[in-house]
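Working notes, structure below.
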Amino acid sequence: MATGKYTRVDNRRSSASSYCSTVTIVVFVALCLVGVWMMTSSSVVPVQNVDVPQEKKSELNEQDNNKVDVKEQVSDTNEGTTRQFEDNPGDLPEDATKGDSSDGATQVEEKVEGKSEEKTEEKFVEKTEDTPEEKTEEKNEEKSEDGSKTETENGGSKTGDLDSKVENGESNQEDGEKKSDGTENDNEKKSDSSDDDKKSDETKDTENVNGQIEEKVDLTDTKESDGEKKENGQAKNQSSNEVFPSVAQSELLNETATQNGSWSTQSAESKNEKEAQLSSNQQTSYNWKLCNSTAGPDFIPCLDNLQAIKSLHSTKHYEHRERHCPEEAPTCLLPVPEGYRRSIEWPKSREKIWYYNVPHTKLAQVKGHQNWVKVTGEYLTFPGGGTQFKRGALHYIDFIQESVPDIAWGKRSRVILDVGCGVASFGGYLFDRDVLAMSFAPKDEHEAQVQFALERGIPAISAVMGTKRLPFPSKVFDVVHCARCRVPWHIEGGKLLLELNRVLRPGGFFVWSATPVYQKLAEDVQIWNSMKELTKSLCWELVSINKDTINGVGAAIYRKPTSNECYEKRSQSNPPICGDSDDPNAAWNVPLQACMHKVPVDAKERGSEWPEQWPSRLDKTPYWLLSSQVGVYGKPAPEDFTADYEHWKRVVTKSYLNGMGINWSSVRNVMDMRAVYGGFAAALKDLKIWVMNVVSVDSPDTLPIIYERGLFGIYHDWCESFSTYPRSYDLLHADHLFSKLKKRCNLVAVVAEVDRILRPEGKLIVRDDVETINELENMVKSMQWEVRMTYSKDKEGLLCVQKSLWRPKESETLKYAIA
């Protein structure tokens with residue numbers, strides 16, 4: 001009995017002891033788990049991108065106020081943990097900490113500490129009696145309810161590593177998007193649908209401004225990061241530092257009141273589907289052929305139309321050197337000269353070029369003794385002289401400056417016109433004086449002279465003083481230069497000299513260094529006397545006539561008047577003043593007339609004042625751009641001008657210079673195929689390049705603005721070929737050009753023209769709508785061009801491609817181009 005009694009007592013005591021031990025173990029394990037969870041909770045809580053419901057945030061805020069005491073206790077536990085992020089970044093990636101301010105570091109510390117305390121306290125109160133399995137399950141559920149992101153930047157597996165969280169959070173704040181007030185980032189409240197709404201709200205259209213242009217562009221995020229691009233699968237072949245600024249000129253376009261909700265309209269859905277079907281039905285294969293013409297690799301369609309030239313009634317006024325475009329632009333590709341190699345880079349190219357790139361020796365044979373060009377082994381070399389400057393072009397340039405100090409190269413005189421340029425050594429060396437020279441000469445008058453200039457990296461076009469106006473606005477050139485250009489200025493009432501008067505800025509100079517100035521041969525004396533009478537009737541002032549004793553040449557320098565006073569005092573109205581209906585800016589295929597345009601005197605009229613000195617004039621809004629005028633993009637003209645410049649500075653800096661893998665040191669000749677205000681060229685001003693700004697004849701006439709800011713350009717119709725030799729440009733840029741050309745041109749012919757004027761390995765950058773980008777991409781791929789980068793978003797796209805040396809084997813004979 002006793003044994004039984006003690007047995008019962010021992011059993012009772014044993015049960016009690018076992019029960020206490022179990023409770024102790026459970027409590028100990030629970031406390032350990034809570035402690036472990038407390039120590040690791042900071043690494044589970046994301047630093048920035050946390051989607052917390054608004055109700056939950058309110059609840060947490062209330063808990064913050066009610067549980068200060070508990071927080072203070074827990075903060076002691078977490079103090080060591082938070083301090084390690086304060087003092088040592090640990091394994092944080094370099095881009096996660098680079099550029100962060102001390103405020104930003106404090107913000108991260110406060111977030112980590114605060115969040116962990118809140119969640120630790122909440123768990124401590126509510127979950128102390130739960131089993132470890134229940135705790136783990138509920139903890140995961142709560143994290144899911146809070147919307148905490150547990151994926152890495154690349155969309156990989158879930159992680160509790162704070163490093164990944166910080167990297168993921170900060171990657172969305174690239175380009176300085178972190179909030180400056182140090183408060184917690186609230187972008188977690190923005191859903192995908194609200195982001196779409198915002199983009200839709202920012203879509204801006206300008207349609208039919210003054211009936212001249214229709215502009216419709218969708219905006220993209222100017223702060224797009226590489227990681228976001230790669231996640232979308234939209235960027236191809238991009239370098240790691242690629243930044244794609246806004247496709248659209250967001251600050252240029254009018255805002256609309258359109259606000260799309262979370263659901264699309266049936267109209268929009270149907271329209272999108274139709275566009276997608278059209279895009280999918282686009283031609284994807286092209287049968288390119290090689291052009292067979294008498295000009296061979298140097299074919300210029302509008303200047304080598306031999307059929308049209310043969311049918312001319314007269315060539316007295318150089319009609320055979322003017323443009324005669326075929327009825328249909330060619331769609332074939334030109335052959336490449338045998339032995340062609342990448343052009344020599346500037347400035348070495350100014351002195352020598354590869355012989356096989358321009359394998360013409362006639363000019364070297366005829367002008368070699370005059371230091372134009374010489375054949376030296378595998379090179380063509382340019383001694384830098386010429387007929388008029390035997391001691392070098394720089395000496396000649398300084399001689400002009402000394403003769404008339406007011407010319408002030410590179411300050412007052414920035415943009416000049418060089419008539420009959422030869423191989424353009426004059427323009428080539430003016431770069432050393434911060435001067436841009438638009439050089440031109442007839443095709444084949446001296447074999448390949450303009451082609452030599454372009455291969456050297458000097459601006460030039462093939463043109464002639466013939467029966468039509470030059471393709472430039474009036475009153476835009478600071479200086480017009482003619483060194484032994486052999487143009488008969490004095491004949492037919494001075495019609496050709498009057499054309500120079502049209503394009504010369506009031507107060508600008510005409511530098512004439514030809515044999516009639518300094519030689520006494522009978523013919524020269526006769527021409528000089530005729531020029532004296534003509535320039536006097538034009539009211540040009542002869543400010544200097546001087547002879548350079550070193551070169552043995554002389555120059556007469558005239559100045560155009562800045563008022564109409566002299567015109568009104570003339571005893572004879574010869575040449576007559578042009579009628580009021582004669583627009584001096586009309587220059588596309590307009591016949592020459594022997595009349596003179598008056599000088600503008602209204603202070604608000606272009607030409608009444610001289611522009612700011614270079615380089616101030618580059619970003620200075622022209623004084624004659626008035627707020628009452630509507631700009632191309634719908635804003636008041638001065639605002640339009642400024643916004644355009646800011647836009648292109650951002651695009652060029654953030655994307656073009658660093659994000660496309662272009663070696664800009666190998667780029668010299670650049671063309672902006674659709675220049676508006678010249679903002680693209682202006683943004684490249686610090687590079688050793690020149691940009692030919694092309695203003696389409698069917699676009700708003702903004703070319704005078706481009707000249708006013710010290711840049712240059714030309715009018716052109718892209719449904720025809722450009723007046724330049726093949727392989728002229730290193731880089732072509734086209735902003736929303738091709739989508740407009742599709743409405744009136746054969747796009748295949750336009751792409752063939754792009755191939756003609758772009759050098760092998762040259763780059764083409766296109767910004768346009770996605771449909772056009774896709775079409776162009778298919779075309780260039782069929783020519784085996786390398787697609788360096790393509791990007792699209794919100795129906796807008798960017799394409800960067802590099803031309804290859806590939807040529808088709810099948811040929812096409814151009815009958816109009818066969819001699």
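Chain identifiers are assigned as A, B, and so on, following the order in which chains appear in the structure tokens; residues are numbered from 1 within each chain, and ligands are numbered from 1 in order of appearance.
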
Which polymer residues have any atom within 8 Å of an atom of Gly428 (chain A), counting only C-alpha atoms, with same-chain residues fewer than 2 positions away left out, as a compact mmCIF listing (two decimals) with N, CA, C and O atoms, in the first residue's frame?
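And here is the file that came out, result04.txt:
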```
# COMPACT_ATOMS: atom_id res chain seq x y z
N ARG A 350 42.43 66.12 -92.72
CA ARG A 350 42.56 67.40 -93.41
C ARG A 350 43.81 67.41 -94.29
O ARG A 350 43.85 68.06 -95.33
N ALA A 424 38.32 72.81 -100.77
CA ALA A 424 37.80 73.39 -99.52
C ALA A 424 38.84 73.52 -98.42
O ALA A 424 38.51 73.46 -97.24
N SER A 425 40.10 73.76 -98.80
CA SER A 425 41.12 73.96 -97.76
C SER A 425 40.82 75.22 -96.95
O SER A 425 41.09 75.27 -95.74
N PHE A 426 40.27 76.26 -97.59
CA PHE A 426 39.91 77.48 -96.88
C PHE A 426 38.94 77.17 -95.75
O PHE A 426 39.15 77.54 -94.59
N LEU A 430 39.45 77.13 -91.50
CA LEU A 430 38.65 78.09 -90.73
C LEU A 430 38.13 77.48 -89.44
O LEU A 430 37.75 78.20 -88.52
N PHE A 431 38.11 76.13 -89.35
CA PHE A 431 37.70 75.49 -88.09
C PHE A 431 38.63 75.90 -86.95
O PHE A 431 38.21 75.97 -85.80
N GLY A 457 36.71 65.60 -94.36
CA GLY A 457 35.96 65.99 -93.17
C GLY A 457 35.59 67.46 -93.16
O GLY A 457 35.39 68.06 -92.10
N ILE A 458 35.46 68.05 -94.36
CA ILE A 458 35.16 69.47 -94.50
C ILE A 458 33.77 69.61 -95.12
O ILE A 458 33.46 68.94 -96.10
```

Notebook entry, point to check: Got a sec to tell me which of region 462-702 of chain A DSSP assigns to strand (DSSP E), as a PyMOL selection string?
Noted result: chain A and resi 462+477-483+504-513+541-548+553-559+669-672+690-696

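One distance worth recording is that between CA of Asp580 (chain A) and CA of Val694 (chain A), which is 27.8 Å.
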
Notebook entry, point to check: What's the 10 Å shell around Thr562 (chain A), counting only C-alpha atoms, without same-chain residues fewer than 6 positions away, as a PyMOL selection string?
Noted result: chain A and resi 505-508+598-601+607-610

Next item on the list: Identify, on the basis of only C-alpha atoms, every residue whose closest approach to region 710-724 of chain A does not exceed 6 Å; exclude the query and any residue fewer than 5 positions from it along the same chain; express the result as a VMD selection string.
Entry: chain A and resid 414 461 to 462 471 to 472 618 692 to 697 745

Between region 702-798 of chain A and region 323-347 of chain A, at 7 Å or less, what are the per-residue closest atom pairs and their distances in Å? Count only C-alpha atoms, order by chain and rising residue number, and return it as a tab-separated table.
```
residue	atom	partner	partner_atom	distance
A:Glu720	CA	A:Ala329	CA	6.3
A:Val748	CA	A:Thr331	CA	6.2
A:Ala749	CA	A:Thr331	CA	4.5
A:Ala752	CA	A:Thr331	CA	5.5
A:Arg756	CA	A:Leu334	CA	6.5
```

Would you mind exporting N, CA, C and O atoms of the selected residues as a compact mmCIF listing (two decimals), in the first residue's frame?
```txt
# COMPACT_ATOMS: atom_id res chain seq x y z
N GLU A 720 13.75 63.29 -103.16
CA GLU A 720 14.80 63.36 -104.18
C GLU A 720 16.15 63.09 -103.51
O GLU A 720 16.25 63.07 -102.29
N VAL A 748 11.33 52.96 -99.62
CA VAL A 748 12.47 52.13 -100.04
C VAL A 748 13.52 53.01 -100.74
O VAL A 748 14.73 52.86 -100.53
N ALA A 749 13.05 53.96 -101.57
CA ALA A 749 13.98 54.86 -102.25
C ALA A 749 14.68 55.78 -101.26
O ALA A 749 15.87 56.10 -101.43
N ALA A 752 17.36 53.77 -99.64
CA ALA A 752 18.46 53.61 -100.60
C ALA A 752 19.32 54.87 -100.65
O ALA A 752 20.55 54.79 -100.80
N ARG A 756 23.22 55.48 -99.70
CA ARG A 756 24.13 56.12 -100.65
C ARG A 756 25.03 57.14 -99.96
O ARG A 756 26.24 57.18 -100.20
```

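You can rank A:Ile400, A:Met465, A:Thr772, A:Ala437 by their closest distance to Val691 (chain A) using only C-alpha atoms, and at the top of that list sits A:Ala437.
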
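Minimum atom-to-atom distances from A:Leu498, A:Ile300, A:Val480, A:Leu814 to Trp512 (chain A) were compared using only C-alpha atoms, and the lowest value belongs to A:Val480.
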